[in-house]
$ cat protein-v7.pdb   # PDB, C-alpha atoms, pLDDT in the B column
ATOM      1  CA  MET A  87     105.614 172.710 159.262  1.00 40.00           C
ATOM      2  CA  PHE A  88     105.802 172.874 163.043  1.00 36.00           C
ATOM      3  CA  HIS A  89     107.844 171.358 165.843  1.00 39.00           C
ATOM      4  CA  VAL A  90     106.617 169.854 169.075  1.00 39.00           C
ATOM      5  CA  LYS A  91     108.895 169.563 172.093  1.00 40.00           C
ATOM      6  CA  HIS A  92     108.862 166.291 174.017  1.00 42.00           C
ATOM      7  CA  LYS A  93     106.943 167.378 177.132  1.00 41.00           C
ATOM      8  CA  GLY A  94     106.468 164.702 179.755  1.00 50.00           C
ATOM      9  CA  SER A  95     105.655 161.243 178.564  1.00 80.00           C
ATOM     10  CA  VAL A  96     102.645 159.362 177.266  1.00 93.00           C
ATOM     11  CA  TRP A  97     103.753 156.715 179.776  1.00 93.00           C
ATOM     12  CA  GLU A  98     102.763 159.022 182.637  1.00 94.00           C
ATOM     13  CA  ARG A  99      99.192 159.182 181.318  1.00 95.00           C
ATOM     14  CA  LEU A 100      98.740 155.411 181.008  1.00 97.00           C
ATOM     15  CA  SER A 101      96.668 153.423 183.474  1.00 97.00           C
ATOM     16  CA  THR A 102      98.297 150.992 185.860  1.00 97.00           C
ATOM     17  CA  SER A 103      97.039 148.056 183.786  1.00 98.00           C
ATOM     18  CA  GLN A 104      98.467 149.533 180.563  1.00 98.00           C
ATOM     19  CA  ARG A 105     101.841 150.007 182.219  1.00 97.00           C
ATOM     20  CA  GLU A 106     101.741 146.424 183.471  1.00 98.00           C
ATOM     21  CA  VAL A 107     101.095 145.156 179.944  1.00 98.00           C
ATOM     22  CA  LEU A 108     104.038 147.139 178.576  1.00 97.00           C
ATOM     23  CA  THR A 109     106.294 145.915 181.375  1.00 96.00           C
ATOM     24  CA  LYS A 110     105.272 142.358 180.450  1.00 97.00           C
ATOM     25  CA  PHE A 111     106.110 143.209 176.844  1.00 96.00           C
ATOM     26  CA  GLU A 112     109.600 144.310 177.879  1.00 94.00           C
ATOM     27  CA  ASP A 113     110.013 140.980 179.686  1.00 92.00           C
ATOM     28  CA  LEU A 114     108.980 139.131 176.511  1.00 93.00           C
ATOM     29  CA  ILE A 115     111.541 141.066 174.489  1.00 91.00           C
ATOM     30  CA  ARG A 116     114.264 140.113 176.976  1.00 89.00           C
ATOM     31  CA  ALA A 117     113.181 136.462 176.986  1.00 86.00           C
ATOM     32  CA  SER A 118     112.634 135.952 173.259  1.00 82.00           C
ATOM     33  CA  ALA A 119     113.375 138.887 170.944  1.00 71.00           C
ATOM     34  CA  LEU A 120     116.966 139.368 172.117  1.00 70.00           C
ATOM     35  CA  LEU A 121     117.770 135.721 171.347  1.00 68.00           C
ATOM     36  CA  ARG A 122     116.388 136.164 167.836  1.00 71.00           C
ATOM     37  CA  GLY A 123     118.497 139.262 167.187  1.00 68.00           C
ATOM     38  CA  MET A 124     115.438 141.494 166.951  1.00 72.00           C
ATOM     39  CA  VAL A 125     116.758 143.965 169.531  1.00 77.00           C
ATOM     40  CA  SER A 126     120.398 144.732 170.191  1.00 72.00           C
ATOM     41  CA  HIS A 127     121.948 143.117 173.295  1.00 68.00           C
ATOM     42  CA  SER A 128     123.429 146.519 174.117  1.00 67.00           C
ATOM     43  CA  ASP A 129     119.872 147.767 174.725  1.00 67.00           C
ATOM     44  CA  ILE A 130     118.975 145.136 177.325  1.00 72.00           C
ATOM     45  CA  ASP A 131     119.292 147.581 180.221  1.00 76.00           C
ATOM     46  CA  ARG A 132     117.511 150.416 178.470  1.00 77.00           C
ATOM     47  CA  LEU A 133     114.594 148.726 176.702  1.00 84.00           C
ATOM     48  CA  HIS A 134     112.088 150.930 178.461  1.00 86.00           C
ATOM     49  CA  GLU A 135     113.559 154.284 177.429  1.00 85.00           C
ATOM     50  CA  ARG A 136     115.106 153.387 174.098  1.00 85.00           C
ATOM     51  CA  HIS A 137     112.256 151.317 172.709  1.00 88.00           C
ATOM     52  CA  VAL A 138     108.998 151.533 174.677  1.00 93.00           C
ATOM     53  CA  LEU A 139     109.059 155.248 175.495  1.00 92.00           C
ATOM     54  CA  ASP A 140     110.448 156.043 172.054  1.00 92.00           C
ATOM     55  CA  SER A 141     107.560 154.106 170.477  1.00 94.00           C
ATOM     56  CA  LEU A 142     105.006 155.971 172.582  1.00 95.00           C
ATOM     57  CA  ARG A 143     106.159 159.261 171.024  1.00 92.00           C
ATOM     58  CA  ALA A 144     103.828 158.359 168.134  1.00 94.00           C
ATOM     59  CA  VAL A 145     100.652 158.610 170.196  1.00 96.00           C
ATOM     60  CA  PRO A 146     100.147 162.414 170.117  1.00 93.00           C
ATOM     61  CA  TRP A 147     100.592 162.402 166.324  1.00 93.00           C
ATOM     62  CA  ILE A 148      97.882 159.815 165.610  1.00 95.00           C
ATOM     63  CA  PRO A 149      94.669 161.580 164.537  1.00 93.00           C
ATOM     64  CA  PRO A 150      92.064 161.436 167.341  1.00 93.00           C
ATOM     65  CA  ASP A 151      89.487 159.960 164.954  1.00 95.00           C
ATOM     66  CA  ALA A 152      91.878 157.284 163.605  1.00 97.00           C
ATOM     67  CA  VAL A 153      90.555 153.737 163.368  1.00 97.00           C
ATOM     68  CA  ARG A 154      93.297 151.748 161.614  1.00 97.00           C
ATOM     69  CA  VAL A 155      97.067 152.007 162.012  1.00 98.00           C
ATOM     70  CA  CYS A 156      99.769 149.927 160.353  1.00 97.00           C
ATOM     71  CA  ASP A 157     103.277 149.324 161.739  1.00 98.00           C
ATOM     72  CA  LEU A 158     105.507 148.807 158.691  1.00 97.00           C
ATOM     73  CA  GLY A 159     108.210 146.172 159.217  1.00 95.00           C
ATOM     74  CA  SER A 160     107.154 145.731 162.831  1.00 96.00           C
ATOM     75  CA  GLY A 161     110.110 143.552 163.882  1.00 93.00           C
ATOM     76  CA  ALA A 162     109.795 143.136 167.646  1.00 93.00           C
ATOM     77  CA  GLY A 163     106.496 145.050 167.665  1.00 96.00           C
ATOM     78  CA  LEU A 164     108.078 148.467 167.991  1.00 96.00           C
ATOM     79  CA  PRO A 165     106.345 150.882 167.798  1.00 97.00           C
ATOM     80  CA  GLY A 166     103.101 149.028 167.016  1.00 98.00           C
ATOM     81  CA  ILE A 167     102.580 147.136 170.279  1.00 98.00           C
ATOM     82  CA  PRO A 168     103.179 150.097 172.621  1.00 98.00           C
ATOM     83  CA  VAL A 169     100.799 152.169 170.465  1.00 98.00           C
ATOM     84  CA  ALA A 170      98.158 149.411 170.553  1.00 98.00           C
ATOM     85  CA  VAL A 171      98.390 149.262 174.345  1.00 98.00           C
ATOM     86  CA  ALA A 172      98.295 153.049 174.761  1.00 98.00           C
ATOM     87  CA  VAL A 173      95.350 153.555 172.364  1.00 98.00           C
ATOM     88  CA  PRO A 174      93.083 150.502 172.747  1.00 97.00           C
ATOM     89  CA  GLY A 175      90.444 151.988 170.436  1.00 97.00           C
ATOM     90  CA  LEU A 176      92.760 151.572 167.446  1.00 97.00           C
ATOM     91  CA  GLU A 177      93.001 148.515 165.227  1.00 97.00           C
ATOM     92  CA  VAL A 178      96.760 148.046 164.825  1.00 98.00           C
ATOM     93  CA  THR A 179      98.236 145.852 162.095  1.00 97.00           C
ATOM     94  CA  LEU A 180     101.813 144.649 162.611  1.00 98.00           C
ATOM     95  CA  ALA A 181     103.233 144.002 159.136  1.00 97.00           C
ATOM     96  CA  GLU A 182     106.329 141.793 159.119  1.00 97.00           C
ATOM     97  CA  SER A 183     107.735 139.523 156.405  1.00 95.00           C
ATOM     98  CA  ARG A 184     110.420 137.634 158.372  1.00 94.00           C
ATOM     99  CA  LEU A 185     108.930 134.458 159.797  1.00 93.00           C
ATOM    100  CA  ARG A 186     110.880 134.331 163.066  1.00 92.00           C
ATOM    101  CA  ARG A 187     109.752 137.851 163.822  1.00 93.00           C
ATOM    102  CA  VAL A 188     106.189 137.012 162.851  1.00 96.00           C
ATOM    103  CA  ALA A 189     106.301 134.147 165.361  1.00 94.00           C
ATOM    104  CA  PHE A 190     107.438 136.526 168.094  1.00 94.00           C
ATOM    105  CA  LEU A 191     104.724 139.057 167.220  1.00 97.00           C
ATOM    106  CA  GLU A 192     102.039 136.359 167.341  1.00 97.00           C
ATOM    107  CA  LEU A 193     103.376 135.198 170.710  1.00 96.00           C
ATOM    108  CA  ALA A 194     103.384 138.768 172.059  1.00 97.00           C
ATOM    109  CA  VAL A 195      99.849 139.521 170.865  1.00 98.00           C
ATOM    110  CA  GLU A 196      98.600 136.320 172.498  1.00 98.00           C
ATOM    111  CA  ARG A 197     100.518 136.675 175.769  1.00 97.00           C
ATOM    112  CA  LEU A 198      99.592 140.340 176.177  1.00 98.00           C
ATOM    113  CA  GLY A 199      95.932 139.762 175.289  1.00 98.00           C
ATOM    114  CA  LEU A 200      95.911 142.424 172.575  1.00 98.00           C
ATOM    115  CA  THR A 201      92.478 142.075 171.006  1.00 98.00           C
ATOM    116  CA  ASN A 202      92.988 145.210 168.890  1.00 98.00           C
ATOM    117  CA  THR A 203      96.174 143.945 167.197  1.00 98.00           C
ATOM    118  CA  LEU A 204      96.595 141.865 164.025  1.00 97.00           C
ATOM    119  CA  VAL A 205      99.775 140.321 162.640  1.00 98.00           C
ATOM    120  CA  TRP A 206     100.276 140.427 158.847  1.00 97.00           C
ATOM    121  CA  ALA A 207     102.815 137.778 157.846  1.00 97.00           C
ATOM    122  CA  GLY A 208     104.132 139.278 154.649  1.00 95.00           C
ATOM    123  CA  SER A 209     105.388 142.415 153.002  1.00 92.00           C
ATOM    124  CA  ALA A 210     103.548 145.598 153.871  1.00 91.00           C
ATOM    125  CA  ARG A 211     103.304 146.184 150.105  1.00 88.00           C
ATOM    126  CA  GLU A 212     101.059 143.107 149.878  1.00 91.00           C
ATOM    127  CA  LEU A 213      98.565 144.267 152.498  1.00 90.00           C
ATOM    128  CA  PRO A 214      94.948 144.476 151.355  1.00 81.00           C
ATOM    129  CA  ARG A 215      94.144 148.099 150.649  1.00 71.00           C
ATOM    130  CA  LEU A 216      92.414 148.784 153.964  1.00 73.00           C
ATOM    131  CA  ARG A 217      93.241 152.504 153.892  1.00 91.00           C
ATOM    132  CA  PHE A 218      95.026 153.150 157.148  1.00 96.00           C
ATOM    133  CA  ASP A 219      94.656 156.421 159.001  1.00 97.00           C
ATOM    134  CA  ALA A 220      98.353 156.249 159.913  1.00 97.00           C
ATOM    135  CA  CYS A 221     101.397 154.162 159.069  1.00 97.00           C
ATOM    136  CA  LEU A 222     104.265 153.886 161.555  1.00 98.00           C
ATOM    137  CA  ALA A 223     107.848 153.349 160.356  1.00 97.00           C
ATOM    138  CA  ARG A 224     110.664 152.908 162.877  1.00 94.00           C
ATOM    139  CA  GLY A 225     113.808 151.425 161.350  1.00 89.00           C
ATOM    140  CA  PHE A 226     111.936 150.414 158.194  1.00 93.00           C
ATOM    141  CA  ALA A 227     113.710 152.095 155.262  1.00 91.00           C
ATOM    142  CA  ASP A 228     114.918 155.501 154.148  1.00 91.00           C
ATOM    143  CA  ALA A 229     112.364 158.278 153.776  1.00 92.00           C
ATOM    144  CA  ALA A 230     111.765 157.701 150.054  1.00 92.00           C
ATOM    145  CA  GLY A 231     111.415 153.922 150.382  1.00 93.00           C
ATOM    146  CA  THR A 232     109.138 154.267 153.374  1.00 95.00           C
ATOM    147  CA  TRP A 233     106.862 156.776 151.644  1.00 95.00           C
ATOM    148  CA  GLU A 234     106.722 154.564 148.538  1.00 95.00           C
ATOM    149  CA  THR A 235     105.408 151.702 150.681  1.00 95.00           C
ATOM    150  CA  ALA A 236     103.139 153.781 152.900  1.00 95.00           C
ATOM    151  CA  HIS A 237     101.303 156.145 150.583  1.00 94.00           C
ATOM    152  CA  PRO A 238      99.218 153.498 148.739  1.00 94.00           C
ATOM    153  CA  LEU A 239      98.071 152.196 152.139  1.00 95.00           C
ATOM    154  CA  LEU A 240      96.997 155.552 153.546  1.00 95.00           C
ATOM    155  CA  ALA A 241      93.486 156.943 153.615  1.00 94.00           C
ATOM    156  CA  ALA A 242      92.989 160.267 151.827  1.00 92.00           C
ATOM    157  CA  ASN A 243      93.882 162.217 154.971  1.00 93.00           C
ATOM    158  CA  GLY A 244      96.218 159.569 156.365  1.00 95.00           C
ATOM    159  CA  ARG A 245      99.701 160.271 157.636  1.00 96.00           C
ATOM    160  CA  LEU A 246     103.041 158.537 157.829  1.00 97.00           C
ATOM    161  CA  LEU A 247     104.922 158.761 161.130  1.00 96.00           C
ATOM    162  CA  TYR A 248     108.553 158.240 160.198  1.00 95.00           C
ATOM    163  CA  TRP A 249     111.299 157.856 162.819  1.00 93.00           C
ATOM    164  CA  ALA A 250     114.074 159.789 161.108  1.00 91.00           C
ATOM    165  CA  GLY A 251     117.778 159.558 161.837  1.00 80.00           C
ATOM    166  CA  ARG A 252     119.803 162.211 163.605  1.00 79.00           C
ATOM    167  CA  SER A 253     120.963 163.616 160.281  1.00 78.00           C
ATOM    168  CA  PHE A 254     117.438 164.149 158.896  1.00 79.00           C
ATOM    169  CA  ASP A 255     117.144 167.136 156.591  1.00 80.00           C
ATOM    170  CA  PRO A 256     113.768 168.509 155.376  1.00 77.00           C
ATOM    171  CA  ALA A 257     115.140 168.031 151.863  1.00 81.00           C
ATOM    172  CA  ASP A 258     114.963 164.276 152.529  1.00 80.00           C
ATOM    173  CA  VAL A 259     111.162 164.359 152.305  1.00 86.00           C
ATOM    174  CA  PRO A 260     110.334 162.439 149.121  1.00 87.00           C
ATOM    175  CA  GLU A 261     108.465 163.767 146.111  1.00 87.00           C
ATOM    176  CA  GLY A 262     104.707 163.487 146.547  1.00 87.00           C
ATOM    177  CA  ALA A 263     104.859 163.935 150.328  1.00 90.00           C
ATOM    178  CA  ARG A 264     104.768 167.021 152.502  1.00 87.00           C
ATOM    179  CA  THR A 265     105.894 167.412 156.091  1.00 86.00           C
ATOM    180  CA  VAL A 266     103.211 168.602 158.480  1.00 82.00           C
ATOM    181  CA  GLY A 267     105.134 168.210 161.726  1.00 77.00           C
ATOM    182  CA  VAL A 268     108.419 167.193 163.305  1.00 80.00           C
ATOM    183  CA  GLY A 269     108.555 165.796 166.830  1.00 73.00           C
ATOM    184  CA  GLU A 270     111.678 166.488 168.835  1.00 69.00           C
ATOM    185  CA  PRO A 271     113.903 163.470 169.587  1.00 65.00           C
ATOM    186  CA  ALA A 272     113.225 161.739 172.895  1.00 60.00           C
ATOM    187  CA  LEU A 273     116.839 160.598 173.137  1.00 56.00           C
ATOM    188  CA  GLU A 274     120.049 162.481 172.528  1.00 54.00           C
ATOM    189  CA  SER A 275     121.127 159.656 170.233  1.00 53.00           C
ATOM    190  CA  GLY A 276     117.858 159.580 168.294  1.00 68.00           C
ATOM    191  CA  GLY A 277     116.203 161.554 165.550  1.00 82.00           C
ATOM    192  CA  PRO A 278     112.787 163.181 165.247  1.00 88.00           C
ATOM    193  CA  ILE A 279     109.505 161.653 164.179  1.00 91.00           C
ATOM    194  CA  VAL A 280     108.630 163.272 160.854  1.00 92.00           C
ATOM    195  CA  ILE A 281     104.934 163.365 159.964  1.00 93.00           C
ATOM    196  CA  MET A 282     104.203 163.184 156.242  1.00 93.00           C
ATOM    197  CA  THR A 283     100.982 163.426 154.275  1.00 94.00           C
ATOM    198  CA  ARG A 284     100.120 163.640 150.600  1.00 89.00           C
ATOM    199  CA  GLN A 285     100.685 167.039 149.015  1.00 70.00           C
TER
END

$ encode --input "protein-v7.pdb" --output "structure tokens"
Amino acid sequence: MFHVKHKGSVWERLSTSQREVLTKFEDLIRASALLRGMVSHSDIDRLHERHVLDSLRAVPWIPPDAVRVCDLGSGAGLPGIPVAVAVPGLEVTLAESRLRRVAFLELAVERLGLTNTLVWAGSARELPRLRFDACLARGFADAAGTWETAHPLLAANGRLLYWAGRSFDPADVPEGARTVGVGEPALESGGPIVIMTRQ
């Protein structure tokens, strides 16, 4: 297992057009997602750092040859939409079972012109077995519940990127998974991204 310090920001490496799309996404969250309770009102003035930049922490951990990525319980499209914008060569599936959130995700994908992004209106457990190269889980479930959902969806060498809480302990890694990396928290109030694969 190894640790990676948060050096710089994926944001700094994005093109002007990618940044514009993500800024438009933040505007959509303010206009629609906040009203639907998908993002806390206390985050309204820090959407960029707390949600967009935090979501972009996934990018360095996605295998360079990855084709398909799934955002489990996508909610307001975090982290899936920022990842889809940052890595346009990926096919990103936003899996969400709550209909009001699905409606927001469909609106966001349309308004942002994300041709590499699909919305799955249902439980991630019901996804066709497409074999994803990575699953993303930010605020989805505890480590064991997340791994239980993710591992049947992963390709043989696929990985789960799990946004862990501040109190994460390596002993929390569920049976059947192994930790191959831990990204340092981007925020003082946040936890690391823990990267899990099959043993």

$ residues_around --input "protein-v7.pdb" --residues "Ile279 in chain A" --least-positions-apart "3" --cutoff "7 Å" --atoms "only C-alpha atoms" --output "number ranges by chain"
A: 247-250, 268-269

$ resolve_selection --input "protein-v7.pdb" --expression "the PyMOL selection byres ((chain A and resi 198) around 8)" --output "PyMOL selection string"
chain A and resi 107+110-111+194-197+199-200

$ closest_residue --input "protein-v7.pdb" --among "A:Ala242, A:Ala223, A:Ala210, A:Ala144" --to "Pro168 in chain A" --atoms "all atoms listed in the file"
A:Ala144

$ closest_residue --input "protein-v7.pdb" --among "A:Leu240, A:Ile130, A:Ala207, A:Ile167" --to "Ala152 in chain A" --atoms "all atoms listed in the file"
A:Leu240

$ atom_distance --input "protein-v7.pdb" --atom1 "CA of Glu234 in chain A" --atom2 "CA of Arg211 in chain A"
9.2 Å

$ resolve_selection --input "protein-v7.pdb" --expression "the PyMOL selection byres ((chain A and resi 192) around 12)" --output "VMD selection string"
chain A and resid 114 160 to 163 167 179 to 182 185 to 191 193 to 201 203 to 207

$ write_last_selection --input "protein-v7.pdb" --atoms "C-alpha atoms" --output "PDB file, in the coordinates of the input"
ATOM      1  CA  LEU A 114     108.980 139.131 176.511  1.00 93.00           C
ATOM      2  CA  SER A 160     107.154 145.731 162.831  1.00 96.00           C
ATOM      3  CA  GLY A 161     110.110 143.552 163.882  1.00 93.00           C
ATOM      4  CA  ALA A 162     109.795 143.136 167.646  1.00 93.00           C
ATOM      5  CA  GLY A 163     106.496 145.050 167.665  1.00 96.00           C
ATOM      6  CA  ILE A 167     102.580 147.136 170.279  1.00 98.00           C
ATOM      7  CA  THR A 179      98.236 145.852 162.095  1.00 97.00           C
ATOM      8  CA  LEU A 180     101.813 144.649 162.611  1.00 98.00           C
ATOM      9  CA  ALA A 181     103.233 144.002 159.136  1.00 97.00           C
ATOM     10  CA  GLU A 182     106.329 141.793 159.119  1.00 97.00           C
ATOM     11  CA  LEU A 185     108.930 134.458 159.797  1.00 93.00           C
ATOM     12  CA  ARG A 186     110.880 134.331 163.066  1.00 92.00           C
ATOM     13  CA  ARG A 187     109.752 137.851 163.822  1.00 93.00           C
ATOM     14  CA  VAL A 188     106.189 137.012 162.851  1.00 96.00           C
ATOM     15  CA  ALA A 189     106.301 134.147 165.361  1.00 94.00           C
ATOM     16  CA  PHE A 190     107.438 136.526 168.094  1.00 94.00           C
ATOM     17  CA  LEU A 191     104.724 139.057 167.220  1.00 97.00           C
ATOM     18  CA  LEU A 193     103.376 135.198 170.710  1.00 96.00           C
ATOM     19  CA  ALA A 194     103.384 138.768 172.059  1.00 97.00           C
ATOM     20  CA  VAL A 195      99.849 139.521 170.865  1.00 98.00           C
ATOM     21  CA  GLU A 196      98.600 136.320 172.498  1.00 98.00           C
ATOM     22  CA  ARG A 197     100.518 136.675 175.769  1.00 97.00           C
ATOM     23  CA  LEU A 198      99.592 140.340 176.177  1.00 98.00           C
ATOM     24  CA  GLY A 199      95.932 139.762 175.289  1.00 98.00           C
ATOM     25  CA  LEU A 200      95.911 142.424 172.575  1.00 98.00           C
ATOM     26  CA  THR A 201      92.478 142.075 171.006  1.00 98.00           C
ATOM     27  CA  THR A 203      96.174 143.945 167.197  1.00 98.00           C
ATOM     28  CA  LEU A 204      96.595 141.865 164.025  1.00 97.00           C
ATOM     29  CA  VAL A 205      99.775 140.321 162.640  1.00 98.00           C
ATOM     30  CA  TRP A 206     100.276 140.427 158.847  1.00 97.00           C
ATOM     31  CA  ALA A 207     102.815 137.778 157.846  1.00 97.00           C
TER      32      ALA A 207
END

$ residues_around --input "protein-v7.pdb" --residues "Leu164 in chain A" --least-positions-apart "5" --cutoff "12 Å" --atoms "all atoms listed in the file" --output "count of residues only"
40

$ atom_distance --input "protein-v7.pdb" --atom1 "CA of Arg116 in chain A" --atom2 "CA of Gly277 in chain A"
24.4 Å

$ closest_residue --input "protein-v7.pdb" --among "A:Glu98, A:Glu212, A:Asp219, A:Asp255" --to "Val155 in chain A" --atoms "all atoms listed in the file"
A:Asp219

$ residues_near_point --input "protein-v7.pdb" --point "(94.7, 163.6, 153.2)" --cutoff "7 Å" --atoms "all atoms listed in the file" --output "list in words"
Ala241, Ala242, Asn243, Gly244, Thr283 and Arg284 of chain A

$ atom_distance --input "protein-v7.pdb" --atom1 "CA of Thr265 in chain A" --atom2 "CA of Trp233 in chain A"
11.6 Å

$ closest_residue --input "protein-v7.pdb" --among "A:Gly251, A:Pro238, A:Pro150, A:Gly231" --to "Arg217 in chain A" --atoms "only C-alpha atoms"
A:Pro238
